[in-house]
Every structure is written in structure tokens, then in C-alpha cells.
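Heads up, start_32.cif below (mmCIF, C-alpha atoms):
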data_structure
loop_
_atom_site.group_PDB
_atom_site.id
_atom_site.type_symbol
_atom_site.label_atom_id
_atom_site.label_comp_id
_atom_site.auth_asym_id
_atom_site.auth_seq_id
_atom_site.Cartn_x
_atom_site.Cartn_y
_atom_site.Cartn_z
ATOM 1 C CA MET A 20 188.108 -60.153 109.052
ATOM 2 C CA ALA A 21 190.298 -57.550 107.339
ATOM 3 C CA SER A 22 192.604 -60.283 106.082
ATOM 4 C CA THR A 23 189.828 -61.740 103.903
ATOM 5 C CA ILE A 24 189.515 -58.595 101.776
ATOM 6 C CA PRO A 25 192.529 -59.335 99.529
ATOM 7 C CA ILE A 26 191.246 -62.887 99.013
ATOM 8 C CA VAL A 27 187.803 -61.621 97.999
ATOM 9 C CA THR A 28 189.414 -59.069 95.673
ATOM 10 C CA LEU A 29 191.588 -61.806 94.191
ATOM 11 C CA LEU A 30 188.522 -63.989 93.613
ATOM 12 C CA ILE A 31 186.725 -61.141 91.824
ATOM 13 C CA VAL A 32 189.761 -60.590 89.586
ATOM 14 C CA MET A 33 190.001 -64.317 88.850
ATOM 15 C CA LEU A 34 186.277 -64.571 88.093
ATOM 16 C CA SER A 35 186.339 -61.547 85.787
ATOM 17 C CA CYS A 36 189.303 -63.006 83.891
ATOM 18 C CA HIS A 37 187.355 -66.199 83.240
ATOM 19 C CA ALA A 38 183.965 -64.589 82.619
ATOM 20 C CA ALA A 39 184.493 -64.356 78.863
ATOM 21 C CA ASN A 40 184.762 -68.132 78.594
ATOM 22 C CA ALA A 41 182.617 -69.072 81.576
ATOM 23 C CA GLN A 42 180.155 -70.951 79.373
ATOM 24 C CA LEU A 43 182.827 -73.249 77.913
ATOM 25 C CA SER A 44 183.732 -76.203 80.119
ATOM 26 C CA PRO A 45 185.508 -79.520 79.526
ATOM 27 C CA ASN A 46 182.511 -81.139 81.281
ATOM 28 C CA PHE A 47 179.822 -79.453 79.173
ATOM 29 C CA TYR A 48 178.505 -82.774 77.765
ATOM 30 C CA ALA A 49 179.259 -84.914 80.851
ATOM 31 C CA SER A 50 175.603 -85.829 81.335
ATOM 32 C CA SER A 51 174.095 -85.083 77.903
ATOM 33 C CA CYS A 52 176.679 -87.052 75.874
ATOM 34 C CA PRO A 53 178.977 -88.920 78.274
ATOM 35 C CA ASN A 54 180.733 -91.015 75.592
ATOM 36 C CA LEU A 55 181.489 -88.063 73.299
ATOM 37 C CA GLN A 56 185.258 -88.020 73.790
ATOM 38 C CA THR A 57 185.551 -91.761 73.188
ATOM 39 C CA ILE A 58 183.461 -91.553 70.017
ATOM 40 C CA VAL A 59 185.627 -88.744 68.612
ATOM 41 C CA ARG A 60 188.892 -90.401 69.640
ATOM 42 C CA ASN A 61 187.945 -93.753 68.075
ATOM 43 C CA ALA A 62 186.966 -92.142 64.773
ATOM 44 C CA MET A 63 190.145 -90.054 64.687
ATOM 45 C CA SER A 64 192.247 -93.111 65.482
ATOM 46 C CA ARG A 65 190.744 -94.926 62.497
ATOM 47 C CA ALA A 66 191.209 -91.871 60.267
ATOM 48 C CA VAL A 67 194.867 -91.369 61.256
ATOM 49 C CA ASN A 68 195.566 -95.081 60.783
ATOM 50 C CA ARG A 69 194.209 -94.746 57.233
ATOM 51 C CA GLU A 70 196.155 -91.553 56.487
ATOM 52 C CA THR A 71 198.571 -89.936 58.939
ATOM 53 C CA ARG A 72 198.251 -86.589 57.124
ATOM 54 C CA ILE A 73 194.637 -86.249 58.292
ATOM 55 C CA GLY A 74 195.784 -85.213 61.781
ATOM 56 C CA ALA A 75 197.411 -82.113 60.276
ATOM 57 C CA SER A 76 194.419 -81.494 57.998
ATOM 58 C CA ILE A 77 191.943 -81.444 60.901
ATOM 59 C CA LEU A 78 194.270 -79.232 62.977
ATOM 60 C CA ARG A 79 194.347 -76.760 60.068
ATOM 61 C CA LEU A 80 190.535 -76.885 59.773
ATOM 62 C CA PHE A 81 190.236 -75.863 63.422
ATOM 63 C CA PHE A 82 192.731 -73.013 62.962
ATOM 64 C CA HIS A 83 190.943 -71.744 59.840
ATOM 65 C CA ASP A 84 187.578 -72.041 61.587
ATOM 66 C CA CYS A 85 188.630 -70.095 64.686
ATOM 67 C CA PHE A 86 190.314 -67.272 62.770
ATOM 68 C CA VAL A 87 187.119 -66.452 60.830
ATOM 69 C CA ASN A 88 184.470 -65.023 63.179
ATOM 70 C CA GLY A 89 185.477 -67.383 65.974
ATOM 71 C CA CYS A 90 185.358 -71.167 66.529
ATOM 72 C CA ASP A 91 181.825 -71.668 65.223
ATOM 73 C CA GLY A 92 181.991 -74.476 62.643
ATOM 74 C CA SER A 93 181.440 -71.999 59.796
ATOM 75 C CA ILE A 94 184.249 -73.526 57.712
ATOM 76 C CA LEU A 95 182.213 -76.742 57.387
ATOM 77 C CA LEU A 96 179.258 -75.156 55.562
ATOM 78 C CA ASP A 97 178.948 -76.037 51.866
ATOM 79 C CA ASP A 98 178.260 -73.432 49.195
ATOM 80 C CA THR A 99 174.734 -73.553 47.768
ATOM 81 C CA ALA A 100 172.853 -71.587 45.111
ATOM 82 C CA THR A 101 171.864 -69.047 47.765
ATOM 83 C CA PHE A 102 174.755 -69.347 50.237
ATOM 84 C CA THR A 103 178.478 -68.658 49.864
ATOM 85 C CA GLY A 104 180.593 -70.349 52.509
ATOM 86 C CA GLU A 105 184.311 -70.331 53.348
ATOM 87 C CA LYS A 106 185.448 -73.514 51.584
ATOM 88 C CA ASN A 107 186.282 -71.662 48.365
ATOM 89 C CA ALA A 108 188.070 -68.746 49.993
ATOM 90 C CA VAL A 109 191.670 -68.493 48.770
ATOM 91 C CA PRO A 110 193.263 -70.002 51.923
ATOM 92 C CA ASN A 111 190.882 -73.008 51.778
ATOM 93 C CA ARG A 112 190.261 -73.714 48.082
ATOM 94 C CA ASN A 113 192.000 -76.928 46.937
ATOM 95 C CA SER A 114 193.687 -77.268 50.332
ATOM 96 C CA ALA A 115 191.202 -77.462 53.226
ATOM 97 C CA ARG A 116 190.465 -81.145 53.763
ATOM 98 C CA GLY A 117 189.157 -83.608 56.335
ATOM 99 C CA PHE A 118 185.489 -82.664 55.950
ATOM 100 C CA GLU A 119 184.481 -86.309 55.432
ATOM 101 C CA VAL A 120 186.136 -87.265 58.725
ATOM 102 C CA ILE A 121 184.137 -84.584 60.544
ATOM 103 C CA ASP A 122 180.990 -85.906 58.799
ATOM 104 C CA THR A 123 181.738 -89.427 60.040
ATOM 105 C CA ILE A 124 182.332 -88.253 63.604
ATOM 106 C CA LYS A 125 179.135 -86.190 63.512
ATOM 107 C CA THR A 126 177.121 -89.207 62.297
ATOM 108 C CA ASN A 127 178.546 -91.341 65.116
ATOM 109 C CA VAL A 128 177.895 -88.626 67.705
ATOM 110 C CA GLU A 129 174.327 -88.063 66.462
ATOM 111 C CA ALA A 130 173.639 -91.791 66.814
ATOM 112 C CA ALA A 131 174.660 -91.624 70.477
ATOM 113 C CA CYS A 132 173.327 -88.157 71.416
ATOM 114 C CA SER A 133 170.993 -86.618 68.883
ATOM 115 C CA ALA A 134 170.977 -82.825 68.370
ATOM 116 C CA THR A 135 173.280 -82.280 71.343
ATOM 117 C CA VAL A 136 176.902 -81.745 70.276
ATOM 118 C CA SER A 137 177.954 -78.908 67.966
ATOM 119 C CA CYS A 138 180.106 -79.333 64.892
ATOM 120 C CA ALA A 139 182.325 -76.571 66.314
ATOM 121 C CA ASP A 140 183.066 -78.700 69.385
ATOM 122 C CA ILE A 141 183.652 -81.787 67.242
ATOM 123 C CA ILE A 142 186.396 -79.977 65.274
ATOM 124 C CA ALA A 143 188.012 -78.808 68.541
ATOM 125 C CA LEU A 144 188.102 -82.357 69.935
ATOM 126 C CA ALA A 145 189.198 -83.928 66.649
ATOM 127 C CA ALA A 146 192.085 -81.445 66.309
ATOM 128 C CA ARG A 147 193.302 -82.299 69.826
ATOM 129 C CA ASP A 148 193.058 -86.038 69.175
ATOM 130 C CA GLY A 149 194.856 -85.801 65.822
ATOM 131 C CA VAL A 150 197.798 -84.063 67.502
ATOM 132 C CA ALA A 151 197.917 -86.596 70.339
ATOM 133 C CA LEU A 152 197.671 -89.601 67.988
ATOM 134 C CA LEU A 153 200.728 -88.328 66.085
ATOM 135 C CA GLY A 154 202.816 -88.143 69.261
ATOM 136 C CA GLY A 155 201.979 -84.619 70.399
ATOM 137 C CA PRO A 156 200.564 -83.331 73.678
ATOM 138 C CA THR A 157 196.990 -83.701 74.827
ATOM 139 C CA TRP A 158 194.873 -81.205 76.752
ATOM 140 C CA GLN A 159 191.398 -80.697 78.158
ATOM 141 C CA VAL A 160 189.190 -79.066 75.525
ATOM 142 C CA PRO A 161 186.669 -76.543 76.885
ATOM 143 C CA LEU A 162 183.306 -77.344 75.275
ATOM 144 C CA GLY A 163 179.917 -75.727 74.807
ATOM 145 C CA ARG A 164 180.408 -73.900 71.495
ATOM 146 C CA ARG A 165 177.405 -73.634 69.195
ATOM 147 C CA ASP A 166 177.322 -73.627 65.409
ATOM 148 C CA ALA A 167 177.074 -70.540 63.218
ATOM 149 C CA ARG A 168 174.170 -70.140 60.814
ATOM 150 C CA THR A 169 176.347 -68.014 58.550
ATOM 151 C CA ALA A 170 179.829 -68.012 57.033
ATOM 152 C CA SER A 171 182.033 -65.335 55.476
ATOM 153 C CA GLN A 172 184.187 -65.959 52.429
ATOM 154 C CA SER A 173 185.503 -62.376 52.597
ATOM 155 C CA ALA A 174 186.524 -62.774 56.246
ATOM 156 C CA ALA A 175 188.259 -66.051 55.365
ATOM 157 C CA ASN A 176 190.145 -64.271 52.591
ATOM 158 C CA ASN A 177 191.186 -61.427 54.895
ATOM 159 C CA GLN A 178 191.663 -62.914 58.358
ATOM 160 C CA ILE A 179 193.478 -66.232 57.891
ATOM 161 C CA PRO A 180 197.236 -65.545 58.117
ATOM 162 C CA SER A 181 199.094 -65.839 54.814
ATOM 163 C CA PRO A 182 202.085 -68.143 54.175
ATOM 164 C CA PHE A 183 203.745 -65.092 52.581
ATOM 165 C CA ALA A 184 203.290 -62.815 55.630
ATOM 166 C CA ASN A 185 206.139 -61.164 57.513
ATOM 167 C CA LEU A 186 206.487 -61.238 61.303
ATOM 168 C CA ALA A 187 204.817 -57.847 61.843
ATOM 169 C CA THR A 188 201.750 -58.916 59.851
ATOM 170 C CA LEU A 189 201.575 -62.286 61.612
ATOM 171 C CA THR A 190 201.879 -60.596 64.999
ATOM 172 C CA SER A 191 199.036 -58.174 64.256
ATOM 173 C CA SER A 192 196.723 -60.845 62.835
ATOM 174 C CA PHE A 193 197.187 -62.981 65.962
ATOM 175 C CA ALA A 194 196.824 -59.944 68.239
ATOM 176 C CA ALA A 195 193.506 -59.161 66.538
ATOM 177 C CA LYS A 196 192.284 -62.527 67.843
ATOM 178 C CA GLY A 197 193.619 -61.924 71.358
ATOM 179 C CA LEU A 198 196.680 -64.131 70.856
ATOM 180 C CA SER A 199 200.241 -63.200 71.843
ATOM 181 C CA THR A 200 203.475 -63.599 69.894
ATOM 182 C CA ARG A 201 204.250 -66.591 72.114
ATOM 183 C CA ASP A 202 200.931 -68.112 71.006
ATOM 184 C CA LEU A 203 201.842 -67.317 67.385
ATOM 185 C CA THR A 204 205.177 -69.106 67.626
ATOM 186 C CA ALA A 205 203.788 -72.072 69.571
ATOM 187 C CA LEU A 206 200.820 -72.544 67.216
ATOM 188 C CA SER A 207 203.099 -72.255 64.170
ATOM 189 C CA GLY A 208 204.746 -75.377 65.580
ATOM 190 C CA GLY A 209 201.667 -77.209 64.277
ATOM 191 C CA HIS A 210 203.670 -77.192 61.034
ATOM 192 C CA THR A 211 205.677 -80.061 62.500
ATOM 193 C CA ILE A 212 203.069 -82.207 60.685
ATOM 194 C CA GLY A 213 201.372 -81.980 57.331
ATOM 195 C CA LEU A 214 202.112 -80.964 53.761
ATOM 196 C CA ALA A 215 202.049 -77.707 51.829
ATOM 197 C CA ARG A 216 201.400 -77.003 48.155
ATOM 198 C CA CYS A 217 204.173 -75.700 45.887
ATOM 199 C CA THR A 218 202.236 -72.477 45.280
ATOM 200 C CA THR A 219 202.586 -71.584 48.985
ATOM 201 C CA PHE A 220 206.385 -71.943 49.135
ATOM 202 C CA ARG A 221 207.629 -71.284 45.571
ATOM 203 C CA GLY A 222 208.619 -67.702 46.412
ATOM 204 C CA ARG A 223 210.534 -68.902 49.450
ATOM 205 C CA ILE A 224 212.661 -71.502 47.654
ATOM 206 C CA TYR A 225 213.413 -69.330 44.609
ATOM 207 C CA ASN A 226 213.634 -65.820 46.066
ATOM 208 C CA ASP A 227 214.417 -65.858 49.800
ATOM 209 C CA THR A 228 218.064 -65.606 50.839
ATOM 210 C CA ASN A 229 217.655 -66.800 54.460
ATOM 211 C CA ILE A 230 217.363 -70.418 53.325
ATOM 212 C CA ASP A 231 219.702 -73.405 53.463
ATOM 213 C CA ALA A 232 220.979 -73.971 49.890
ATOM 214 C CA ASN A 233 220.652 -77.764 49.968
ATOM 215 C CA PHE A 234 217.155 -77.533 51.386
ATOM 216 C CA ALA A 235 216.125 -75.079 48.658
ATOM 217 C CA ALA A 236 217.558 -77.365 45.968
ATOM 218 C CA THR A 237 215.690 -80.375 47.377
ATOM 219 C CA ARG A 238 212.393 -78.498 47.340
ATOM 220 C CA ARG A 239 212.924 -77.036 43.858
ATOM 221 C CA ALA A 240 213.150 -80.573 42.465
ATOM 222 C CA ASN A 241 209.421 -81.010 43.097
ATOM 223 C CA CYS A 242 208.298 -77.384 42.807
ATOM 224 C CA PRO A 243 209.213 -75.808 39.457
ATOM 225 C CA ALA A 244 209.405 -72.044 38.972
ATOM 226 C CA SER A 245 206.148 -72.309 37.037
ATOM 227 C CA GLY A 246 203.563 -75.090 37.026
ATOM 228 C CA GLY A 247 203.110 -77.867 39.563
ATOM 229 C CA ASP A 248 201.165 -75.599 41.921
ATOM 230 C CA ASN A 249 199.593 -78.556 43.729
ATOM 231 C CA ASN A 250 202.805 -80.566 44.164
ATOM 232 C CA LEU A 251 203.215 -81.314 47.878
ATOM 233 C CA ALA A 252 206.147 -81.075 50.278
ATOM 234 C CA PRO A 253 206.354 -81.768 54.027
ATOM 235 C CA LEU A 254 206.319 -78.701 56.276
ATOM 236 C CA ASP A 255 208.820 -80.544 58.506
ATOM 237 C CA ILE A 256 211.439 -82.221 56.327
ATOM 238 C CA GLN A 257 212.648 -84.444 59.191
ATOM 239 C CA THR A 258 209.575 -86.070 60.763
ATOM 240 C CA PRO A 259 206.514 -84.981 58.728
ATOM 241 C CA THR A 260 204.105 -87.431 60.366
ATOM 242 C CA ARG A 261 205.291 -87.062 63.959
ATOM 243 C CA PHE A 262 204.291 -84.169 66.207
ATOM 244 C CA ASP A 263 207.581 -83.033 67.775
ATOM 245 C CA ASN A 264 209.848 -79.974 67.973
ATOM 246 C CA ASP A 265 211.802 -80.627 64.747
ATOM 247 C CA TYR A 266 209.932 -77.746 63.080
ATOM 248 C CA PHE A 267 211.876 -75.339 65.316
ATOM 249 C CA ARG A 268 215.170 -77.134 64.737
ATOM 250 C CA ASN A 269 214.524 -76.664 61.024
ATOM 251 C CA LEU A 270 213.946 -72.925 61.510
ATOM 252 C CA VAL A 271 217.276 -72.558 63.333
ATOM 253 C CA ALA A 272 218.904 -74.320 60.355
ATOM 254 C CA GLN A 273 217.063 -72.011 57.887
ATOM 255 C CA ARG A 274 214.961 -74.900 56.622
ATOM 256 C CA GLY A 275 211.504 -73.455 57.219
ATOM 257 C CA LEU A 276 209.313 -74.316 54.231
ATOM 258 C CA LEU A 277 207.016 -71.268 54.219
ATOM 259 C CA HIS A 278 208.199 -67.667 54.229
ATOM 260 C CA SER A 279 205.939 -67.135 57.263
ATOM 261 C CA ASP A 280 207.662 -70.027 59.055
ATOM 262 C CA GLN A 281 211.188 -68.656 58.641
ATOM 263 C CA GLU A 282 209.995 -65.184 59.716
ATOM 264 C CA LEU A 283 209.860 -66.602 63.257
ATOM 265 C CA PHE A 284 213.647 -67.077 63.151
ATOM 266 C CA ASN A 285 215.112 -64.247 61.127
ATOM 267 C CA GLY A 286 216.810 -61.866 63.549
ATOM 268 C CA GLY A 287 213.528 -60.764 65.125
ATOM 269 C CA SER A 288 211.586 -60.922 68.382
ATOM 270 C CA GLN A 289 210.847 -64.671 68.249
ATOM 271 C CA ASP A 290 214.398 -65.976 67.704
ATOM 272 C CA ALA A 291 215.005 -66.713 71.392
ATOM 273 C CA LEU A 292 211.701 -68.568 71.785
ATOM 274 C CA VAL A 293 212.339 -70.614 68.634
ATOM 275 C CA ARG A 294 215.724 -71.631 70.080
ATOM 276 C CA THR A 295 214.039 -72.549 73.379
ATOM 277 C CA TYR A 296 211.492 -74.755 71.607
ATOM 278 C CA SER A 297 214.189 -76.308 69.412
ATOM 279 C CA ASN A 298 216.083 -77.388 72.537
ATOM 280 C CA ASN A 299 213.167 -78.173 74.837
ATOM 281 C CA PRO A 300 210.307 -80.230 73.399
ATOM 282 C CA ALA A 301 208.459 -80.256 76.743
ATOM 283 C CA THR A 302 208.282 -76.449 76.808
ATOM 284 C CA PHE A 303 206.962 -76.409 73.264
ATOM 285 C CA SER A 304 204.348 -79.090 74.005
ATOM 286 C CA ALA A 305 203.067 -77.261 77.081
ATOM 287 C CA ASP A 306 202.908 -73.907 75.274
ATOM 288 C CA PHE A 307 201.239 -75.452 72.220
ATOM 289 C CA ALA A 308 198.514 -77.069 74.338
ATOM 290 C CA ALA A 309 197.854 -73.829 76.237
ATOM 291 C CA ALA A 310 197.763 -71.820 72.983
ATOM 292 C CA MET A 311 195.306 -74.303 71.449
ATOM 293 C CA VAL A 312 192.934 -73.728 74.372
ATOM 294 C CA ARG A 313 193.270 -69.960 73.944
ATOM 295 C CA MET A 314 192.654 -70.216 70.201
ATOM 296 C CA GLY A 315 189.632 -72.409 70.897
ATOM 297 C CA ASN A 316 188.245 -69.594 73.054
ATOM 298 C CA ILE A 317 188.079 -67.087 70.183
ATOM 299 C CA SER A 318 184.527 -65.664 70.067
ATOM 300 C CA PRO A 319 182.513 -68.862 70.586
ATOM 301 C CA LEU A 320 178.752 -68.843 70.175
ATOM 302 C CA THR A 321 177.242 -70.030 73.472
ATOM 303 C CA GLY A 322 173.926 -70.267 75.291
ATOM 304 C CA THR A 323 171.123 -69.683 72.796
ATOM 305 C CA GLN A 324 173.347 -68.184 70.077
ATOM 306 C CA GLY A 325 173.629 -70.096 66.806
ATOM 307 C CA GLU A 326 172.373 -73.667 66.723
ATOM 308 C CA ILE A 327 173.372 -77.323 67.041
ATOM 309 C CA ARG A 328 173.656 -78.407 63.411
ATOM 310 C CA ARG A 329 172.320 -81.889 62.557
ATOM 311 C CA ASN A 330 174.515 -82.014 59.440
ATOM 312 C CA CYS A 331 177.788 -80.065 59.674
ATOM 313 C CA ARG A 332 177.565 -79.029 55.990
ATOM 314 C CA VAL A 333 174.211 -77.222 56.140
ATOM 315 C CA VAL A 334 172.327 -75.002 58.570
ATOM 316 C CA ASN A 335 169.289 -76.642 60.105
#
Please render this file's structure as C-alpha cells.
Amino acid sequence: MASTIPIVTLLIVMLSCHAANAQLSPNFYASSCPNLQTIVRNAMSRAVNRETRIGASILRLFFHDCFVNGCDGSILLDDTATFTGEKNAVPNRNSARGFEVIDTIKTNVEAACSATVSCADIIALAARDGVALLGGPTWQVPLGRRDARTASQSAANNQIPSPFANLATLTSSFAAKGLSTRDLTALSGGHTIGLARCTTFRGRIYNDTNIDANFAATRRANCPASGGDNNLAPLDIQTPTRFDNDYFRNLVAQRGLLHSDQELFNGGSQDALVRTYSNNPATFSADFAAAMVRMGNISPLTGTQGEIRRNCRVVN
């Protein structure tokens, strides 16, 4: 009898650790919308076949959604005469994209299971599928988030990490969301896909000294010291449309595109982990998948909180 006490104690500890996310479950829609994952995957497959960049765009949408008052679909809400959303916040204006793909998925999901699946959950699934379709890992997505009825442009301006941030600032902004430095470095590996605008890396290629000279010269050719703010460059110069560990190999070679990227390998606390990821793609993939689940658990609305939006762009 006495021997069961540690087991009971262990169970209590385990249950309390999971209590915060007890309402999210990969099987949340198993009976109410059994074909959900197939519907999302098929739409994402078509979208990625049309434009490989969209996988990165949807991944970024999920990140920018979760970092502003939790993973609640608030980034999808359009501005109206009486409502200011997050789409025109500085980190999102002229750069957040993929909204039409989410609209298409939502339409398809509504046709199969009306007023059942949240826009917040659709972004979470679409982000996972975009990564997997571009050669990255897959993972089980906990589901059951509900949609916010509000958005915050000021929170989007203040809480989404900046491409100009140093390691200390990045560390504190991730810690504020309950994410570790390992999560920070793993999630930054999402920059193995996608493009960035000249305005986000101009300072890096003209002013930073911890940068490969040939790489800087290549990037300057398409990003002048003034003008050309919207000119695009790949975040991963080697394989910009394949989800792999080349991002970390680039950092070791001082070829990170954003200042915030190279901060992860600049004589600081993350150097060893960056080297590990650069040499071991399986370790990176496993850590990225686990960090995506943790990011997806940031302050979800559950139960009777929020709503299930019929149209992802407007509150019901």
C-alpha cells in the first residue's frame, strides 16, 4: 500500500503540469469534424503547389497570432470603421500574408462542419502542414482553441519580436510567453523558409560586422542603402523553399539575414545549440516540433470563451 503513494504523487504532479492545456487535445474534433485534418492538408497542398512561399507565410501568421494575446485568431480580423485589428501593426503591415488561404480552408471546413472549427485551430493546422509539405517535421496539433472577439494593434506592435532585436531582448520576449531560449532558437529555425523585405535586413548588411563579406555584397545588390524597402531576399540563402537545418549552417558561417538571426550565433548562450542544430537535422526537427506545440499553447481561449467565427475576418 505504501508503495503506491509516490505513484499517486507523481500522477498529481503530472496532472497539474498538464492542467493549463487540459482543454486542448489532438482529438478535439474527432467526432464533430472527423475529416478536418484532411480538408486542411488538401487545401495547403494546393496552396504550396501554387506558391512554395505560402508555407512560410502561414507559419509566420501563426507565430504573429500566438505572440499577441495568445493563439486566438486575432491576426485574421480585418480593420473596419469601428474596429482596429492587427493587420496594420508595424510587424504585419505589407508583410503578413496568406489570409486568402485561411479563408479558403475555412470555407471548405464550414461546408463539412458548420460553426464547429475555430479559425485559431485552422491556422495551427495549416502552419504544421505547410512545414511538413516543404520537407519539415510533422507533429500532432492540440486543438480546441476558440476565436477572439477582439484584437490589439498596440500589443502586436509591442509583443512580436523585432528583426533588429539583440539576444537579451529576444530571450525576454520569448520568456514572457513561457518559452525557453531553446524554444527561441528552435523556432527561429522557421527562417529556413520564406523571404524577408530589404527594410528588415538593411542595417545588418550595411552596418553589422559579424557578417560574411561575400554574403553582404550579394544582398546589397538587391537592397540599396536607401529605397527598395520591399525588395525580397531569402532568409536561407541555400535552400529557401525547403525546410531543413541550413539556416543554422548559415548562422555558423555568419550568413544570417536578419540581425536577430545572427544574434543566436554571436559568442552568446545559443552558440552551442546552433552548432548542434547545424550538425544534426533530426535534433532540430524534433525540437522545432515540440516548440511549435508549446507556442500553440500560449493563452488559448477554450470552453465558452470567445467564439467560433463563421468568417475568419470578422467577429460573428
| message | Need to verify the contact set: range 173-185 of chain A, 9 Å, all atoms listed in the file, exclusion of same-chain residues closer than 4 positions in sequence. Can you return it as a list in words? | response |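 The contact residues come out as Phe82, His83, Asp84, Phe86, Val87, Asn88, Ile94, Glu105, Lys106, Ala108, Val109, Pro110, Asn111, Leu189, Thr190, Ser192, Phe193, Thr219, Phe220, Gly222, Arg223, Leu277, His278, Ser279, Asp280, Glu282 and Leu283 of chain A.
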Please report, as lines of an AutoDock Vina configuration file, the centre and edge lengths in Å to one decimal of an axis-aligned box covering all listed atoms of range 198-216 of chain A with 5 Å per side.
center_x = 201.2
center_y = -72.7
center_z = 60.1
size_x = 19.0
size_y = 29.0
size_z = 34.0
| request: Return as a ChimeraX atom specification the set of residues that the PyMOL selection byres ((chain A and resi 266-271) around 12) yields on the displayed structure. | output: /A:204-213,229-231,234,253-265,272-286,289-300,303
| request: Name the residues that the PyMOL selection byres ((chain A and resi 43) around 12) pulls out of this structure, and write them as a count of residues only. | output: 30
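For the pair CA of Thr323 in chain A and CA of Ala194 in chain A, the separation is 27.9 Å.
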| field | Among the residues A:Ala134, A:Ala309, A:Cys331, A:Val128, the one that comes closest to Ser93 in chain A [using all atoms listed in the file] | value |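 Nearest candidate to Ser93 in chain A out of A:Ala134, A:Ala309, A:Cys331, A:Val128: A:Cys331.
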| Which one of A:Ile73, A:Ala240, A:Ala235, A:Ala308 sits closest to Pro156 in chain A if you count all atoms listed in the file? |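 Closest candidate: A:Ala308.
You can rank A:Gly197, A:Gly104, A:Gly154, A:Gly74 by their closest distance to Val334 in chain A using only C-alpha atoms, and at the top of that list sits A:Gly104.
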| query | Between A:Gly117, A:Asn335, A:Thr169, A:Arg239, which has the minimum distance to Glu70 in chain A (counting only C-alpha atoms)? | reply |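 Among the listed residues, A:Gly117 lies closest to Glu70 in chain A.
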For this structure, which residues satisfy the selection - the PyMOL selection byres ((chain A and resi 116) around 10) - when it is evaluated on the file as given? I want them as an mmCIF file with C-alpha atoms, keeping the file's coordinate frame.
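Everything below was put into result_34.cif:
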data_model
loop_
_atom_site.group_PDB
_atom_site.id
_atom_site.type_symbol
_atom_site.label_atom_id
_atom_site.label_comp_id
_atom_site.auth_asym_id
_atom_site.auth_seq_id
_atom_site.Cartn_x
_atom_site.Cartn_y
_atom_site.Cartn_z
ATOM 1 C CA ILE A 73 194.637 -86.249 58.292
ATOM 2 C CA ALA A 75 197.411 -82.113 60.276
ATOM 3 C CA SER A 76 194.419 -81.494 57.998
ATOM 4 C CA ILE A 77 191.943 -81.444 60.901
ATOM 5 C CA ARG A 79 194.347 -76.760 60.068
ATOM 6 C CA LEU A 80 190.535 -76.885 59.773
ATOM 7 C CA LYS A 106 185.448 -73.514 51.584
ATOM 8 C CA ASN A 111 190.882 -73.008 51.778
ATOM 9 C CA ARG A 112 190.261 -73.714 48.082
ATOM 10 C CA ASN A 113 192.000 -76.928 46.937
ATOM 11 C CA SER A 114 193.687 -77.268 50.332
ATOM 12 C CA ALA A 115 191.202 -77.462 53.226
ATOM 13 C CA GLY A 117 189.157 -83.608 56.335
ATOM 14 C CA PHE A 118 185.489 -82.664 55.950
ATOM 15 C CA GLU A 119 184.481 -86.309 55.432
ATOM 16 C CA VAL A 120 186.136 -87.265 58.725
ATOM 17 C CA ILE A 121 184.137 -84.584 60.544
#
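Using only C-alpha atoms for every distance, the candidate list A:Arg147, A:Arg238, A:Arg329, A:Arg221 yields A:Arg147 as the residue closest to Arg60 in chain A.
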| task | Work out how far apart CA of Asp166 in chain A and CA of Ala139 in chain A are and give it in Å to one decimal. | result |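 Interatomic distance here is 5.9 Å.
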| note | Of A:Val136, A:Leu153, A:Ala130, A:Cys85, the one nearest to Ala66 in chain A when counting all atoms listed in the file is A:Leu153
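A straight line drawn from CA of Gly89 in chain A to CA of Thr71 in chain A is 27.0 Å long.
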| Leaving out Cys217 in chain A and any residue of its chain fewer than 2 positions from it, which residues lie within 7 Å of it when counting only C-alpha atoms, given as a PyMOL selection string? | chain A and resi 215+219-221+242+247-251
